[in-house]
file start.csv (CSV, C-alpha atoms)
chain,number,residue,atom,x,y,z
N,184,MET,CA,45.2,21.5,89.4
N,185,LYS,CA,44.6,23.5,86.2
N,186,THR,CA,43.9,26.7,88.3
N,187,GLN,CA,47.2,26.1,90.2
N,188,LYS,CA,49.1,25.8,87.0
N,189,ILE,CA,47.6,29.0,85.6
N,190,ARG,CA,48.5,30.8,88.9
N,191,ASP,CA,52.1,29.4,88.8
N,192,GLY,CA,52.5,30.5,85.2
N,193,LEU,CA,51.1,34.0,86.0
N,194,LEU,CA,53.5,34.4,88.9
N,195,TYR,CA,56.4,33.1,86.8
N,196,GLY,CA,55.5,35.6,84.1
N,197,ILE,CA,55.4,38.5,86.7
N,198,MET,CA,58.8,37.5,88.1
N,199,ALA,CA,60.3,37.2,84.6
N,200,ALA,CA,58.9,40.6,83.6
N,201,GLY,CA,60.4,42.1,86.8
N,202,LEU,CA,63.8,40.6,85.9
N,203,VAL,CA,63.6,42.0,82.3
N,204,LEU,CA,62.6,45.4,83.7
N,205,VAL,CA,65.5,45.6,86.1
N,206,ALA,CA,67.9,44.5,83.4
N,207,ALA,CA,66.5,47.1,81.0
N,208,ILE,CA,66.8,49.9,83.5
N,209,LEU,CA,70.5,48.9,84.2
N,210,VAL,CA,71.2,48.8,80.5
N,211,LEU,CA,69.5,52.1,79.9
N,212,ILE,CA,71.5,53.8,82.7
N,213,LEU,CA,74.8,52.4,81.6
N,214,GLY,CA,74.1,53.1,77.9
N,215,TYR,CA,73.1,56.7,78.6
N,216,ILE,CA,76.2,57.3,80.7
N,217,LEU,CA,78.5,55.8,78.0
N,218,VAL,CA,76.8,57.7,75.2
N,219,GLN,CA,77.1,61.0,77.0
N,220,SER,CA,80.7,60.3,77.8
N,221,ALA,CA,81.6,59.5,74.2
N,222,GLY,CA,84.6,61.5,73.0
N,223,PHE,CA,85.7,62.3,76.5
N,224,LEU,CA,86.5,58.8,77.9
N,225,ARG,CA,90.0,58.3,76.7
N,226,PRO,CA,93.2,56.7,78.2
N,227,SER,CA,94.7,60.2,78.7
N,228,PHE,CA,91.6,61.2,80.7
N,229,VAL,CA,92.0,58.2,83.0
N,230,PHE,CA,95.7,58.3,83.5
N,231,SER,CA,96.4,62.1,83.6
N,232,SER,CA,96.3,64.6,86.4
N,233,PRO,CA,93.4,67.1,87.0
N,234,GLU,CA,95.6,69.9,85.7
N,235,ASP,CA,95.6,68.1,82.3
N,236,GLY,CA,91.9,67.3,82.5
N,237,GLY,CA,92.3,63.8,84.0
N,238,ILE,CA,91.1,61.9,87.0
N,239,PHE,CA,93.9,59.5,87.9
N,240,PRO,CA,94.5,60.9,91.5
N,241,MET,CA,90.7,60.4,92.2
N,242,ILE,CA,90.8,56.8,91.0
N,243,VAL,CA,93.8,56.1,93.3
N,244,THR,CA,92.1,57.8,96.3
N,245,THR,CA,88.9,55.8,95.7
N,246,PHE,CA,90.8,52.5,95.6
N,247,TYR,CA,92.7,53.4,98.8
N,248,VAL,CA,89.4,54.2,100.6
N,249,VAL,CA,87.7,51.0,99.4
N,250,LEU,CA,90.6,48.8,100.2
N,251,VAL,CA,91.4,50.2,103.7
N,252,SER,CA,87.6,50.2,104.6
N,253,LEU,CA,87.2,46.5,103.6
N,254,VAL,CA,90.5,45.5,105.3
N,255,ILE,CA,89.1,47.0,108.5
N,256,ALA,CA,85.4,46.1,108.3
N,257,LEU,CA,85.3,42.7,106.6
N,258,PRO,CA,87.2,40.7,109.4
N,259,VAL,CA,85.2,42.4,112.1
N,260,GLY,CA,81.9,42.0,110.4
N,261,ILE,CA,82.5,38.3,109.5
N,262,MET,CA,83.7,37.4,113.0
N,263,THR,CA,80.7,39.2,114.5
N,264,ALA,CA,78.3,37.4,112.2
N,265,ILE,CA,79.9,34.0,113.1
N,266,PHE,CA,79.6,34.8,116.8
N,267,LEU,CA,75.9,35.8,116.5
N,268,ASN,CA,75.0,32.7,114.4
N,269,GLU,CA,77.2,30.0,115.8
N,270,TYR,CA,78.1,30.8,119.4
N,271,SER,CA,75.6,33.3,120.9
N,272,LEU,CA,72.4,32.5,122.8
N,273,ASP,CA,69.3,34.7,123.1
N,274,THR,CA,70.7,36.6,126.1
N,275,PRO,CA,70.1,40.3,127.0
N,276,VAL,CA,73.7,41.1,125.9
N,277,VAL,CA,73.1,39.6,122.5
N,278,ARG,CA,69.8,41.3,122.0
N,279,LEU,CA,71.5,44.6,122.9
N,280,LEU,CA,74.2,43.9,120.3
N,281,ARG,CA,71.6,43.2,117.6
N,282,LEU,CA,69.8,46.4,118.6
N,283,ALA,CA,73.1,48.3,118.2
N,284,ILE,CA,73.7,46.8,114.8
N,285,GLU,CA,70.2,47.7,113.6
N,286,THR,CA,70.7,51.2,115.0
N,287,LEU,CA,74.0,51.6,113.1
N,288,ALA,CA,72.2,50.6,109.9
N,289,GLY,CA,69.6,53.3,110.3
N,290,ILE,CA,71.9,56.2,111.1
N,291,PRO,CA,72.2,58.8,108.2
N,292,SER,CA,75.6,58.9,106.5
N,293,ILE,CA,76.1,62.6,107.4
N,294,ILE,CA,76.1,61.6,111.1
N,295,TYR,CA,78.9,59.1,110.4
N,296,GLY,CA,80.8,62.0,108.6
N,297,LEU,CA,80.4,64.3,111.6
N,298,PHE,CA,81.6,61.4,113.9
N,299,GLY,CA,84.6,60.7,111.8
N,300,LEU,CA,85.5,64.4,111.6
N,301,LEU,CA,85.4,64.9,115.3
N,302,VAL,CA,86.9,61.5,116.4
N,303,PHE,CA,89.3,60.4,113.7
N,304,CYS,CA,90.3,63.7,112.2
N,305,ARG,CA,90.6,65.8,115.4
N,306,VAL,CA,90.7,63.5,118.5
N,307,PHE,CA,93.1,60.9,116.9
N,308,LYS,CA,94.7,63.7,114.9
N,309,PHE,CA,94.6,62.0,111.5
N,310,GLY,CA,93.3,65.1,109.9
N,311,GLN,CA,91.4,64.9,106.7
N,312,SER,CA,92.9,61.8,105.3
N,313,ILE,CA,92.2,58.5,103.6
N,314,ALA,CA,92.8,56.7,106.9
N,315,ALA,CA,90.2,58.9,108.7
N,316,GLY,CA,87.7,58.4,105.9
N,317,ALA,CA,88.3,54.6,105.7
N,318,LEU,CA,87.8,54.2,109.5
N,319,THR,CA,84.6,56.2,109.3
N,320,LEU,CA,83.2,54.2,106.3
N,321,SER,CA,84.3,50.9,107.9
N,322,ILE,CA,81.9,51.6,110.8
N,323,MET,CA,79.2,52.6,108.4
N,324,ILE,CA,79.3,49.3,106.3
N,325,LEU,CA,79.6,47.0,109.3
N,326,PRO,CA,75.8,46.4,109.6
N,327,VAL,CA,75.6,45.5,105.9
N,328,ILE,CA,78.4,43.0,106.2
N,329,ILE,CA,77.1,41.5,109.5
N,330,ARG,CA,73.6,41.1,108.3
N,331,THR,CA,74.5,39.6,104.9
N,332,VAL,CA,77.1,37.1,106.3
N,333,GLU,CA,74.8,36.0,109.1
N,334,GLU,CA,71.9,35.3,106.7
N,335,SER,CA,74.3,33.3,104.5
N,336,LEU,CA,75.4,31.3,107.5
N,337,LYS,CA,71.8,30.5,108.4
N,338,THR,CA,71.3,28.9,105.0
N,339,ILE,CA,73.9,26.1,105.8
N,340,PRO,CA,72.0,23.0,107.1
N,341,VAL,CA,72.4,22.1,110.7
N,342,SER,CA,73.2,18.5,109.5
N,343,PHE,CA,76.6,19.8,108.2
N,344,ARG,CA,77.6,21.0,111.6
N,345,GLU,CA,76.2,17.8,113.4
N,346,GLY,CA,78.1,15.5,110.9
N,347,SER,CA,81.3,17.4,111.4
N,348,LEU,CA,81.1,17.4,115.2
N,349,SER,CA,80.1,13.7,115.3
N,350,LEU,CA,83.3,12.9,113.3
N,351,GLY,CA,85.4,14.5,116.1
N,352,ALA,CA,86.0,17.9,114.6
N,353,THR,CA,86.1,20.9,117.0
N,354,LYS,CA,83.6,23.8,116.9
N,355,SER,CA,86.2,26.1,115.3
N,356,GLN,CA,87.2,23.4,112.7
N,357,THR,CA,83.5,22.9,111.8
N,358,ILE,CA,83.0,26.6,111.3
N,359,PHE,CA,86.1,27.2,109.2
N,360,PHE,CA,86.1,24.1,107.1
N,361,VAL,CA,82.5,23.0,106.9
N,362,VAL,CA,80.3,26.1,107.4
N,363,ILE,CA,82.2,29.0,105.9
N,364,PRO,CA,83.1,27.5,102.4
N,365,PRO,CA,79.5,27.0,101.4
N,366,ALA,CA,78.7,30.4,102.8
N,367,LEU,CA,81.3,32.1,100.6
N,368,PRO,CA,78.8,33.5,98.1
N,369,GLY,CA,77.1,35.4,100.9
N,370,ILE,CA,80.4,36.7,102.2
N,371,VAL,CA,81.3,37.9,98.7
N,372,THR,CA,77.9,39.5,98.4
N,373,SER,CA,78.5,41.4,101.6
N,374,ALA,CA,81.8,42.6,100.3
N,375,ILE,CA,80.2,43.7,97.0
N,376,LEU,CA,77.4,45.6,98.9
N,377,ALA,CA,80.0,47.2,101.1
N,378,VAL,CA,82.1,48.3,98.1
N,379,GLY,CA,79.0,49.8,96.4
N,380,ARG,CA,78.2,51.8,99.5
N,381,VAL,CA,81.8,53.0,100.1
N,382,VAL,CA,82.2,54.1,96.5
N,383,GLY,CA,78.8,55.8,96.4
N,384,GLU,CA,79.1,57.8,99.6
N,385,SER,CA,79.7,61.5,99.5
N,386,ALA,CA,79.0,63.2,102.8
N,387,PRO,CA,81.3,61.2,105.1
N,388,VAL,CA,84.0,61.2,102.5
N,389,LEU,CA,83.7,65.0,102.0
N,390,LEU,CA,84.1,65.6,105.7
N,391,THR,CA,86.8,63.1,106.5
N,392,VAL,CA,88.9,62.5,103.3
N,393,GLY,CA,88.7,66.0,101.9
N,394,ILE,CA,88.7,67.5,98.5
N,395,THR,CA,92.4,67.8,97.6
N,396,ARG,CA,93.1,66.8,94.0
N,397,ASN,CA,96.6,65.6,94.7
N,398,LEU,CA,97.8,62.1,94.1
N,399,PRO,CA,98.0,60.5,97.7
N,400,LYS,CA,101.3,58.8,98.5
N,401,SER,CA,100.0,57.2,101.7
N,402,ILE,CA,96.7,56.7,103.5
N,403,PHE,CA,97.5,59.5,105.9
N,404,GLU,CA,97.2,62.1,103.2
N,405,SER,CA,94.1,63.9,102.0
N,406,GLY,CA,92.5,63.2,98.6
N,407,ARG,CA,89.4,63.4,96.5
N,408,THR,CA,87.3,60.3,95.6
N,409,LEU,CA,85.5,59.9,92.2
N,410,THR,CA,82.2,60.6,93.9
N,411,ILE,CA,83.3,63.9,95.3
N,412,HIS,CA,85.0,64.9,92.1
N,413,LEU,CA,81.9,64.1,90.1
N,414,TYR,CA,79.9,66.3,92.5
N,415,TYR,CA,82.2,69.3,92.0
N,416,LEU,CA,82.3,68.7,88.2
N,417,THR,CA,78.5,68.8,88.0
N,418,LYS,CA,78.2,71.7,90.4
N,419,GLU,CA,80.7,73.8,88.4
N,420,ALA,CA,79.6,72.7,84.9
N,421,ILE,CA,78.7,75.5,82.5
N,422,HIS,CA,79.5,74.4,79.0
N,423,PRO,CA,78.4,71.1,77.3
N,424,GLU,CA,82.1,70.0,77.5
N,425,ASP,CA,81.9,70.2,81.3
N,426,PHE,CA,79.0,67.8,81.4
N,427,GLY,CA,80.8,65.5,79.0
N,428,ILE,CA,83.7,65.3,81.4
N,429,ALA,CA,81.3,64.7,84.3
N,430,PHE,CA,79.7,61.8,82.4
N,431,ALA,CA,83.1,60.4,81.6
N,432,THR,CA,83.9,60.5,85.3
N,433,ALA,CA,80.6,58.7,86.0
N,434,ALA,CA,81.5,56.0,83.5
N,435,VAL,CA,84.9,55.5,85.1
N,436,LEU,CA,83.1,55.2,88.5
N,437,VAL,CA,80.8,52.5,87.1
N,438,ILE,CA,83.7,50.7,85.6
N,439,VAL,CA,85.7,50.8,88.8
N,440,VAL,CA,82.7,49.2,90.7
N,441,LEU,CA,82.4,46.5,88.0
N,442,PHE,CA,86.1,45.8,88.2
N,443,ILE,CA,86.1,45.4,92.0
N,444,ASN,CA,83.1,43.2,92.0
N,445,THR,CA,84.5,41.0,89.2
N,446,SER,CA,87.8,40.7,90.9
N,447,THR,CA,86.2,39.7,94.2
N,448,ARG,CA,84.1,37.0,92.5
N,449,ILE,CA,87.2,35.6,90.7
N,450,ILE,CA,89.2,35.5,94.0
N,451,THR,CA,86.3,33.7,95.7
N,452,TRP,CA,86.0,31.2,92.8
N,453,MET,CA,89.8,30.4,93.0
N,454,PHE,CA,89.5,30.0,96.8
N,455,ARG,CA,86.6,27.6,96.6
N,456,LYS,CA,88.3,25.7,93.8
N,457,ARG,CA,91.4,25.3,96.0
N,458,MET,CA,89.3,24.2,98.9
N,459,GLY,CA,87.6,21.6,96.7
N,460,GLU,CA,91.0,20.3,95.6
N,461,SER,CA,92.3,20.1,99.1
N,462,GLU,CA,89.3,18.0,100.1

call {"tool": "encode", "arguments": {"input": "start.csv", "output": "structure tokens"}}
result
Amino acid sequence: MKTQKIRDGLLYGIMAAGLVLVAAILVLILGYILVQSAGFLRPSFVFSSPEDGGIFPMIVTTFYVVLVSLVIALPVGIMTAIFLNEYSLDTPVVRLLRLAIETLAGIPSIIYGLFGLLVFCRVFKFGQSIAAGALTLSIMILPVIIRTVEESLKTIPVSFREGSLSLGATKSQTIFFVVIPPALPGIVTSAILAVGRVVGESAPVLLTVGITRNLPKSIFESGRTLTIHLYYLTKEAIHPEDFGIAFATAAVLVIVVLFINTSTRIITWMFRKRMGESE
């Protein structure tokens, strides 16, 4: 018993040390970016055009790409995960579908970019636009959403489903009112992971969205995301001021991701609270 307690304490200490290490690395990266961007990260930098040294069009383009990608990919990914976990059996067709999802997850992002360039930009004649980039990225993040949501659905006890069905609820009612609400944290996690991947991608965005620094008025226009803009700033940087502007752009990129993640969690919390009140 004493040996088991020592072993448990040792494992707990290792896990706690790992948590502290991860948190320290995160704080170090964020702190370094903010320190290097000091003096450059100003409201005028965020809300002005590139001609005036700002990045406002890039922020708008990034939000457009993220929003349209999630609007396309989230419903498809969630419905696919529900089908795989709640309805499907271990048939050859389902195994083929799972193989296709795993294959999509392992394809390099540059391949998605080439596919989007040929199919959405040329065949469907969207040209280099936010719509073409969002369609490409929505395909790329589908495996992340499907896997995360499916694993979340698997954590819901079978007794929840059996109890609902025994009370006379239909299969669809059981899924939407009994299974999905407890699985919302996993669905939110899938959205956050998808946002992180969309914001951080460069190759597919470069090929499909473009590098135009204009302020897009619709999703059918070209633009430049923060990631691509950061790449060009770093590539063309010569003076220390240039690197300061690049770090300020990186700081805004991190803040944008934090804002989207926080907003998603707040919306989910409000939804779960409303569901609880309705019950």

call {"tool": "closest_residue", "arguments": {"input": "start.csv", "among": "N:Ile375, N:Met262, N:Leu297, N:Ala256", "to": "Phe442 of chain N", "atoms": "only C-alpha atoms"}}
result
N:Ile375

call {"tool": "closest_atom_pairs", "arguments": {"input": "start.csv", "of": "segment 331-414 of chain N", "to": "segment 211-233 of chain N", "cutoff": "12 Å", "atoms": "all atoms listed in the file", "output": "CSV"}}
result
residue,atom,partner,partner_atom,distance
N:Thr395,CA,N:Pro233,CA,10.7
N:Arg396,CA,N:Pro233,CA,7.0
N:Asn397,CA,N:Ser232,CA,8.4
N:Leu398,CA,N:Ser232,CA,8.2
N:Arg407,CA,N:Pro233,CA,11.0
N:Leu409,CA,N:Val229,CA,11.4
N:His412,CA,N:Pro233,CA,10.1

call {"tool": "atom_distance", "arguments": {"input": "start.csv", "atom1": "atom CA of Leu413 of chain N", "atom2": "atom CA of Ala429 of chain N"}}
result
5.9 Å

call {"tool": "residues_around", "arguments": {"input": "start.csv", "residues": "segment 415-421 of chain N", "least_positions_apart": "2", "cutoff": "12 Å", "atoms": "all atoms listed in the file", "output": "ChimeraX atom specification"}}
result
/N:233,236-238,385,389,394-396,407-413,423-433

call {"tool": "write_last_selection", "arguments": {"input": "start.csv", "atoms": "C-alpha atoms", "output": "mmCIF file, keeping the file's coordinate frame"}}
result
data_model
loop_
_atom_site.group_PDB
_atom_site.id
_atom_site.type_symbol
_atom_site.label_atom_id
_atom_site.label_comp_id
_atom_site.auth_asym_id
_atom_site.auth_seq_id
_atom_site.Cartn_x
_atom_site.Cartn_y
_atom_site.Cartn_z
ATOM 1 C CA PRO N 233 93.400 67.100 87.000
ATOM 2 C CA GLY N 236 91.900 67.300 82.500
ATOM 3 C CA GLY N 237 92.300 63.800 84.000
ATOM 4 C CA ILE N 238 91.100 61.900 87.000
ATOM 5 C CA SER N 385 79.700 61.500 99.500
ATOM 6 C CA LEU N 389 83.700 65.000 102.000
ATOM 7 C CA ILE N 394 88.700 67.500 98.500
ATOM 8 C CA THR N 395 92.400 67.800 97.600
ATOM 9 C CA ARG N 396 93.100 66.800 94.000
ATOM 10 C CA ARG N 407 89.400 63.400 96.500
ATOM 11 C CA THR N 408 87.300 60.300 95.600
ATOM 12 C CA LEU N 409 85.500 59.900 92.200
ATOM 13 C CA THR N 410 82.200 60.600 93.900
ATOM 14 C CA ILE N 411 83.300 63.900 95.300
ATOM 15 C CA HIS N 412 85.000 64.900 92.100
ATOM 16 C CA LEU N 413 81.900 64.100 90.100
ATOM 17 C CA PRO N 423 78.400 71.100 77.300
ATOM 18 C CA GLU N 424 82.100 70.000 77.500
ATOM 19 C CA ASP N 425 81.900 70.200 81.300
ATOM 20 C CA PHE N 426 79.000 67.800 81.400
ATOM 21 C CA GLY N 427 80.800 65.500 79.000
ATOM 22 C CA ILE N 428 83.700 65.300 81.400
ATOM 23 C CA ALA N 429 81.300 64.700 84.300
ATOM 24 C CA PHE N 430 79.700 61.800 82.400
ATOM 25 C CA ALA N 431 83.100 60.400 81.600
ATOM 26 C CA THR N 432 83.900 60.500 85.300
ATOM 27 C CA ALA N 433 80.600 58.700 86.000
#

call {"tool": "residues_around", "arguments": {"input": "start.csv", "residues": "segment 281-292 of chain N", "least_positions_apart": "2", "cutoff": "10 Å", "atoms": "all atoms listed in the file", "output": "list in words"}}
result
Leu267, Pro275, Val276, Val277, Arg278, Leu279, Ile294, Tyr295, Gly296, Leu297, Phe298, Thr319, Leu320, Ile322, Met323, Ile324, Leu325, Pro326, Val327, Ile329, Arg330, Glu384, Ser385, Ala386, Pro387 and Val388 of chain N

call {"tool": "write_last_selection", "arguments": {"input": "start.csv", "atoms": "C-alpha atoms", "output": "tab-separated table (two decimals), in the frame of the given file"}}
result
chain	number	residue	atom	x	y	z
N	267	LEU	CA	75.90	35.80	116.50
N	275	PRO	CA	70.10	40.30	127.00
N	276	VAL	CA	73.70	41.10	125.90
N	277	VAL	CA	73.10	39.60	122.50
N	278	ARG	CA	69.80	41.30	122.00
N	279	LEU	CA	71.50	44.60	122.90
N	294	ILE	CA	76.10	61.60	111.10
N	295	TYR	CA	78.90	59.10	110.40
N	296	GLY	CA	80.80	62.00	108.60
N	297	LEU	CA	80.40	64.30	111.60
N	298	PHE	CA	81.60	61.40	113.90
N	319	THR	CA	84.60	56.20	109.30
N	320	LEU	CA	83.20	54.20	106.30
N	322	ILE	CA	81.90	51.60	110.80
N	323	MET	CA	79.20	52.60	108.40
N	324	ILE	CA	79.30	49.30	106.30
N	325	LEU	CA	79.60	47.00	109.30
N	326	PRO	CA	75.80	46.40	109.60
N	327	VAL	CA	75.60	45.50	105.90
N	329	ILE	CA	77.10	41.50	109.50
N	330	ARG	CA	73.60	41.10	108.30
N	384	GLU	CA	79.10	57.80	99.60
N	385	SER	CA	79.70	61.50	99.50
N	386	ALA	CA	79.00	63.20	102.80
N	387	PRO	CA	81.30	61.20	105.10
N	388	VAL	CA	84.00	61.20	102.50

call {"tool": "residues_around", "arguments": {"input": "start.csv", "residues": "Val254 of chain N", "least_positions_apart": "2", "cutoff": "12 Å", "atoms": "only C-alpha atoms", "output": "list in words"}}
result
Phe246, Tyr247, Val248, Val249, Leu250, Val251, Ser252, Ala256, Leu257, Pro258, Val259, Gly260, Ile261, Ala314, Ala317, Leu318, Leu320, Ser321, Ile322, Ile324, Leu325, Ala374, Ala377 and Val378 of chain N

call {"tool": "residues_around", "arguments": {"input": "start.csv", "residues": "Thr445 of chain N", "least_positions_apart": "3", "cutoff": "12 Å", "atoms": "all atoms listed in the file", "output": "ChimeraX atom specification"}}
result
/N:371-372,374-375,378,438-442,448-452

call {"tool": "residues_around", "arguments": {"input": "start.csv", "residues": "segment 368-370 of chain N", "least_positions_apart": "2", "cutoff": "6 Å", "atoms": "all atoms listed in the file", "output": "list in words"}}
result
Val332, Ser335, Ala366, Thr372 and Ser373 of chain N
